[in-house]
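Taking it in order: structure first as structure tokens, then the write-up.
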Amino acid sequence: MSYSLLSDANQRLEKALRYVSLSDDVTERLRYPKASLSVSIPVRMDDGSLRVFQGYRVRYDDSRGPTKGGVRFHPHVTLDEVQSLAFWMTFKCAVLNLPFGGAKGGITLNPKELSKFELERLSRGYVDAIADFIGPDIDIPAPDVYTNPMIMGWMMDQYSIIQRKIIPAVVTGKPISMGGSLGRETATAMGAFFVIQTAMTHFSQSPAQTTVAIQGFGNAGAVLAELMFRAGYQVVAVSDSQGGVYAKQGLDIPSIRRLKDSSRGIRAVYCEGSVCSTVEHASITNEELLELDVDILIPAALENQITAENADKIRARYVFEVANGPTNSAADAILEAKGIHVFPDILVNAGGVTVSYYEWVQNRSGFYWSLDEVNRRLEQSMTAETEKIWAIAQELSVSLRTAAYVHALNRLGDAIQAKGTQDYYVS
Ligand code: NAD
């Protein structure tokens with residue numbers, strides 16, 4: 001799976017390269033990660049035994065600034081996967097015009113098998129192992145799958161212990177009390193919401209007439225579902241790893257969120273909670289959710305959900321990719337042929353890294369912004385970059401994904417070319 005993720009990402013790059021006039025130097029540079037670090041992390045377990053975990057940190061490209069990217073704790077983490085995620089981060093930061101390159105990190109483990117003490121020792125051990133590779137002006141980690149603000153706090157604290165001074169800007173996604181930014185936890189969903197609002201102005205369709213299905217009801221999916229519900233969209237289906245629910249007349253998202261917090265899952269919520277009695281609903285599988293006849297489909301769970309196997313069955317008119325890599329490149333062509341507008345992950349979910357950038361700025365200036373200030377700036381950035389990508393897609397008659405890559409490539413190309421290319425040295 002990891003190999004296919006990276007080769008898929010490269011296919012999109014190759015496609016976008018047809019529409020930009022950049023030196024071959026740029027393409028050559030972007031084919032390889034700048035640096036990949038592989039580390040062993042010894043951890044003293046609660047029973048006294050010693051376990052050694054495998055960890056990685058990859059800095060893909062730093063032409064536009066220090067590299068930025070999350071740290072993933074997951075049993076499937078491999079160097080290949082981390083490299084492909086770092087590649088994506090490079091393009092995502094360029095799409096949003098953040099002064100960052102792309103990076104990613106990970107540790108191969110099932111975090112649910114560790115106690116909290118073990119998790120803290122592992123997080124601090126990871127920072128001990130990569131301390132020379134990161135820093136506020138070099139590479140700035142953040143949360144990703146199965147890592148959270150508390151883990152980021154431990155990592156920042158450990159780096160500060162090593163450096164003998166407090167350095168909050170080395171990690172983002174920290175608890176607010178340790179220099180985290182207001183609005184970081186909701187930033188991905190909020191950013192996606194601004195992209196959707198901007199996009200829908202081009203399709204003359206009001207929220208009340210627009211039906212929405214969301215796969216994944218976690219940090220990103222559940223917050224976005226509520227934002228859309230409150231804006232008047234008809235959110236007719238949501239799902240989590242246990243399955244989903246569908247109600248033609250729309251779901252009461254705040255009730256689902258409230259009940260899910262104190263229950264096992266969405267289906268349990270609907271069948272055992274009070275909402276059951278007020279909304280006529282059907283249980284659906286995640287596969288069925290993807291194939292619903294809705295206006296907007298939002299994959300907000302996992303990668304590789306829309307593939308050559310099911311792309312032909314997708315009936316939504318617009319897809320907004322909140323998850324990283326939910327559509328593979330084989331599905332791209334099928335969706336495009338069906339006239340489905342796919343707003344790509346490197347734009348739609350970039351609100352998270354954008355507010356991480358705001359956190360880094362606040363840490364470095366020592367001046368902290370209000371939530372309104374964070375959201376105002378986020379709206380401005382997400383709206384402006386969505387409009388630019390929309391304009392590129394219209395001008396070049398390409399998909400929104402290719403347009404987003406072209407947009408990022410132009411910015412990356414400028415930075416790489418500014419240091420001199422063959423054209424400069426030879427002509
Ligand atoms: P999360 O762990 O909070 O939530 C994931 C959700 O997906 C959960 O509701 C889980 O039950 C559900 N899920 C898991 N397996 C599923 C399956 N097979 N079918 C349907 N649902 C399933 O994660 P998150 O932070 O919400 O991230 C979701 C996606 O968004 C990921 O791809 C992540 O990389 C991407 N993303 C998140 C952020 C962020 O800031 N949270 C930023 C950028 C990208």
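We name chains A, B, ... following the order of the structure tokens; residues begin at 1 in each chain, and ligands are numbered from 1 as shown.
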Can you list, as a PyMOL selection string, every protein, DNA or RNA residue that comes within 12 Å of Ile138 (chain A) when you count only C-alpha atoms, leaving out same-chain residues fewer than 6 positions away? chain A and resi 35+58-69+99-103+130-132+169-171
For region 380-399 of chain A against region 332-344 of chain A, with a cut-off of 10 Å and counting only C-alpha atoms, what is the closest atom pair and its distance in Å to one decimal for every residue that makes the cut, ordered by chain and number, as JSON lines?
{"residue": "A:Thr386", "atom": "CA", "partner": "A:Phe343", "partner_atom": "CA", "distance": 9.1}
{"residue": "A:Ile389", "atom": "CA", "partner": "A:Phe343", "partner_atom": "CA", "distance": 9.6}
{"residue": "A:Trp390", "atom": "CA", "partner": "A:Phe343", "partner_atom": "CA", "distance": 9.5}
{"residue": "A:Val398", "atom": "CA", "partner": "A:Glu336", "partner_atom": "CA", "distance": 9.4}
{"residue": "A:Ser399", "atom": "CA", "partner": "A:Glu336", "partner_atom": "CA", "distance": 7.1}
Among listed residues A:Ala142, A:Ile162, A:Ala323, A:Ala187, nearest ligand 1 (using only C-alpha atoms and all ligand atoms): A:Ala323
Using only C-alpha atoms, I'd like a table of the residues in region 315-344 of chain A that come within 10 Å of region 211-221 of chain A; for each, show the closest atom pair and its distance in Å rounded to one decimal, ordered by chain and ascending number, as CSV.
residue,atom,partner,partner_atom,distance
A:Ala316,CA,A:Val212,CA,8.7
A:Tyr318,CA,A:Val212,CA,9.5
A:Val319,CA,A:Ala213,CA,9.8
A:Phe320,CA,A:Ile214,CA,9.6
A:Val322,CA,A:Ala220,CA,7.3
A:Ala323,CA,A:Ala220,CA,8.4
Near ligand 1, 9 Å: chain A residue rows, closest pairs, only C-alpha atoms and all ligand atoms, as a Markdown table:
| residue | atom | partner | partner_atom_place_in_ligand_line | distance |
| --- | --- | --- | --- | --- |
| A:Gly70 | CA | ligand 1 | 42 (C) | 8.9 |
| A:Pro143 | CA | ligand 1 | 40 (O) | 7.5 |
| A:Asp144 | CA | ligand 1 | 34 (O) | 6.5 |
| A:Val145 | CA | ligand 1 | 2 (O) | 6.2 |
| A:Tyr146 | CA | ligand 1 | 2 (O) | 6.7 |
| A:Gly173 | CA | ligand 1 | 40 (O) | 8.9 |
| A:Arg184 | CA | ligand 1 | 40 (O) | 7.8 |
| A:Glu185 | CA | ligand 1 | 40 (O) | 6.7 |
| A:Thr186 | CA | ligand 1 | 40 (O) | 7.4 |
| A:Ala187 | CA | ligand 1 | 40 (O) | 6.7 |
| A:Thr188 | CA | ligand 1 | 40 (O) | 4.8 |
| A:Ala189 | CA | ligand 1 | 40 (O) | 7.7 |
| A:Gln215 | CA | ligand 1 | 20 (C) | 5.3 |
| A:Gly216 | CA | ligand 1 | 7 (O) | 3.7 |
| A:Phe217 | CA | ligand 1 | 9 (O) | 3.6 |
| A:Gly218 | CA | ligand 1 | 4 (O) | 3.2 |
| A:Asn219 | CA | ligand 1 | 26 (O) | 3.7 |
| A:Ala220 | CA | ligand 1 | 26 (O) | 3.7 |
| A:Gly221 | CA | ligand 1 | 26 (O) | 5.5 |
| A:Ala222 | CA | ligand 1 | 26 (O) | 7.5 |
| A:Val223 | CA | ligand 1 | 26 (O) | 8.6 |
| A:Val238 | CA | ligand 1 | 21 (N) | 8.9 |
| A:Ser239 | CA | ligand 1 | 20 (C) | 5.7 |
| A:Asp240 | CA | ligand 1 | 21 (N) | 3.8 |
| A:Ser241 | CA | ligand 1 | 22 (C) | 3.6 |
| A:Gln242 | CA | ligand 1 | 11 (O) | 6.8 |
| A:Gly243 | CA | ligand 1 | 20 (C) | 6.6 |
| A:Gly244 | CA | ligand 1 | 20 (C) | 8.0 |
| A:Gly265 | CA | ligand 1 | 11 (O) | 7.9 |
| A:Ile266 | CA | ligand 1 | 9 (O) | 8.9 |
| A:Thr285 | CA | ligand 1 | 19 (N) | 8.4 |
| A:Asn286 | CA | ligand 1 | 19 (N) | 5.4 |
| A:Glu287 | CA | ligand 1 | 19 (N) | 8.2 |
| A:Pro299 | CA | ligand 1 | 29 (C) | 7.9 |
| A:Ala300 | CA | ligand 1 | 29 (C) | 4.7 |
| A:Ala301 | CA | ligand 1 | 7 (O) | 3.8 |
| A:Leu302 | CA | ligand 1 | 32 (O) | 4.6 |
| A:Glu303 | CA | ligand 1 | 32 (O) | 6.0 |
| A:Gln305 | CA | ligand 1 | 19 (N) | 8.4 |
| A:Glu321 | CA | ligand 1 | 30 (O) | 8.4 |
| A:Val322 | CA | ligand 1 | 30 (O) | 5.2 |
| A:Ala323 | CA | ligand 1 | 32 (O) | 3.3 |
| A:Asn324 | CA | ligand 1 | 32 (O) | 4.3 |
| A:Gly325 | CA | ligand 1 | 32 (O) | 7.2 |
| A:Pro326 | CA | ligand 1 | 32 (O) | 7.4 |
| A:Asp345 | CA | ligand 1 | 44 (C) | 7.7 |
| A:Ile346 | CA | ligand 1 | 43 (C) | 8.8 |
| A:Val348 | CA | ligand 1 | 43 (C) | 8.6 |
| A:Asn349 | CA | ligand 1 | 43 (C) | 4.8 |
| A:Ala350 | CA | ligand 1 | 43 (C) | 6.3 |
| A:Gly351 | CA | ligand 1 | 42 (C) | 7.3 |
| A:Gly352 | CA | ligand 1 | 40 (O) | 4.7 |
| A:Val353 | CA | ligand 1 | 42 (C) | 7.1 |
Mind checking which residues fall within 12 Å of Arg18 (chain A), counting only C-alpha atoms, ignoring those fewer than 6 positions away in the same chain, and posting them as a PDB file with N, CA, C and O atoms, in the first residue's frame?
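What landed in selection_24.pdb:
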ATOM      1  N   GLN A  11       2.344  10.073  -9.962  1.00  0.00           N
ATOM      2  CA  GLN A  11       1.567  10.145 -11.209  1.00  0.00           C
ATOM      3  C   GLN A  11       0.875  11.489 -11.338  1.00  0.00           C
ATOM      4  O   GLN A  11       0.763  12.057 -12.416  1.00  0.00           O
ATOM      5  N   ARG A  12       0.383  11.983 -10.198  1.00  0.00           N
ATOM      6  CA  ARG A  12      -0.291  13.291 -10.228  1.00  0.00           C
ATOM      7  C   ARG A  12       0.708  14.393 -10.535  1.00  0.00           C
ATOM      8  O   ARG A  12       0.407  15.347 -11.248  1.00  0.00           O
ATOM      9  N   ASP A  24      13.962  21.408 -15.904  1.00  0.00           N
ATOM     10  CA  ASP A  24      14.038  19.985 -15.546  1.00  0.00           C
ATOM     11  C   ASP A  24      14.656  19.807 -14.163  1.00  0.00           C
ATOM     12  O   ASP A  24      14.423  18.814 -13.487  1.00  0.00           O
ATOM     13  N   THR A  27      11.942  19.301 -11.495  1.00  0.00           N
ATOM     14  CA  THR A  27      11.364  17.965 -11.474  1.00  0.00           C
ATOM     15  C   THR A  27      12.334  16.975 -10.858  1.00  0.00           C
ATOM     16  O   THR A  27      11.951  16.136 -10.026  1.00  0.00           O
ATOM     17  N   LEU A 396      -6.918  26.214 -17.807  1.00  0.00           N
ATOM     18  CA  LEU A 396      -6.203  25.118 -18.473  1.00  0.00           C
ATOM     19  C   LEU A 396      -7.125  23.957 -18.859  1.00  0.00           C
ATOM     20  O   LEU A 396      -6.676  22.993 -19.474  1.00  0.00           O
ATOM     21  N   VAL A 398      -8.431  21.714 -16.871  1.00  0.00           N
ATOM     22  CA  VAL A 398      -7.939  20.514 -16.190  1.00  0.00           C
ATOM     23  C   VAL A 398      -8.767  20.280 -14.926  1.00  0.00           C
ATOM     24  O   VAL A 398      -9.553  21.151 -14.514  1.00  0.00           O
ATOM     25  N   THR A 402      -5.415  18.512 -10.687  1.00  0.00           N
ATOM     26  CA  THR A 402      -4.255  18.914 -11.491  1.00  0.00           C
ATOM     27  C   THR A 402      -3.996  20.407 -11.295  1.00  0.00           C
ATOM     28  O   THR A 402      -2.842  20.834 -11.179  1.00  0.00           O
ATOM     29  N   ALA A 403      -5.069  21.185 -11.223  1.00  0.00           N
ATOM     30  CA  ALA A 403      -4.905  22.634 -11.016  1.00  0.00           C
ATOM     31  C   ALA A 403      -4.190  22.921  -9.691  1.00  0.00           C
ATOM     32  O   ALA A 403      -3.313  23.796  -9.615  1.00  0.00           O
ATOM     33  N   TYR A 405      -2.069  20.950  -8.126  1.00  0.00           N
ATOM     34  CA  TYR A 405      -0.652  20.573  -8.287  1.00  0.00           C
ATOM     35  C   TYR A 405       0.093  21.616  -9.117  1.00  0.00           C
ATOM     36  O   TYR A 405       1.245  21.955  -8.815  1.00  0.00           O
ATOM     37  N   VAL A 406      -0.568  22.125 -10.163  1.00  0.00           N
ATOM     38  CA  VAL A 406       0.064  23.164 -10.993  1.00  0.00           C
ATOM     39  C   VAL A 406       0.359  24.395 -10.127  1.00  0.00           C
ATOM     40  O   VAL A 406       1.452  24.968 -10.175  1.00  0.00           O
ATOM     41  N   LEU A 409       3.189  23.575  -7.852  1.00  0.00           N
ATOM     42  CA  LEU A 409       4.436  23.418  -8.619  1.00  0.00           C
ATOM     43  C   LEU A 409       5.024  24.761  -9.028  1.00  0.00           C
ATOM     44  O   LEU A 409       6.244  24.940  -9.027  1.00  0.00           O
TER      45      LEU A 409
END
In terms of the shortest atom-to-atom distance over only C-alpha atoms, which of A:Leu227, A:Leu259, A:Leu85, A:Val77 is closest to Ser38 (chain A)?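 Looking at the shortest contact to Ser38 (chain A), the residue is A:Val77.
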Got a sec: who's within 8 Å of Trp369 (chain A), counting only C-alpha atoms, leaving out chain neighbours fewer than 4 positions off, as a list in words?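 Listing them by chain and then by number gives Ser181, Leu182, Gln362, Glu373 and Val374 of chain A.
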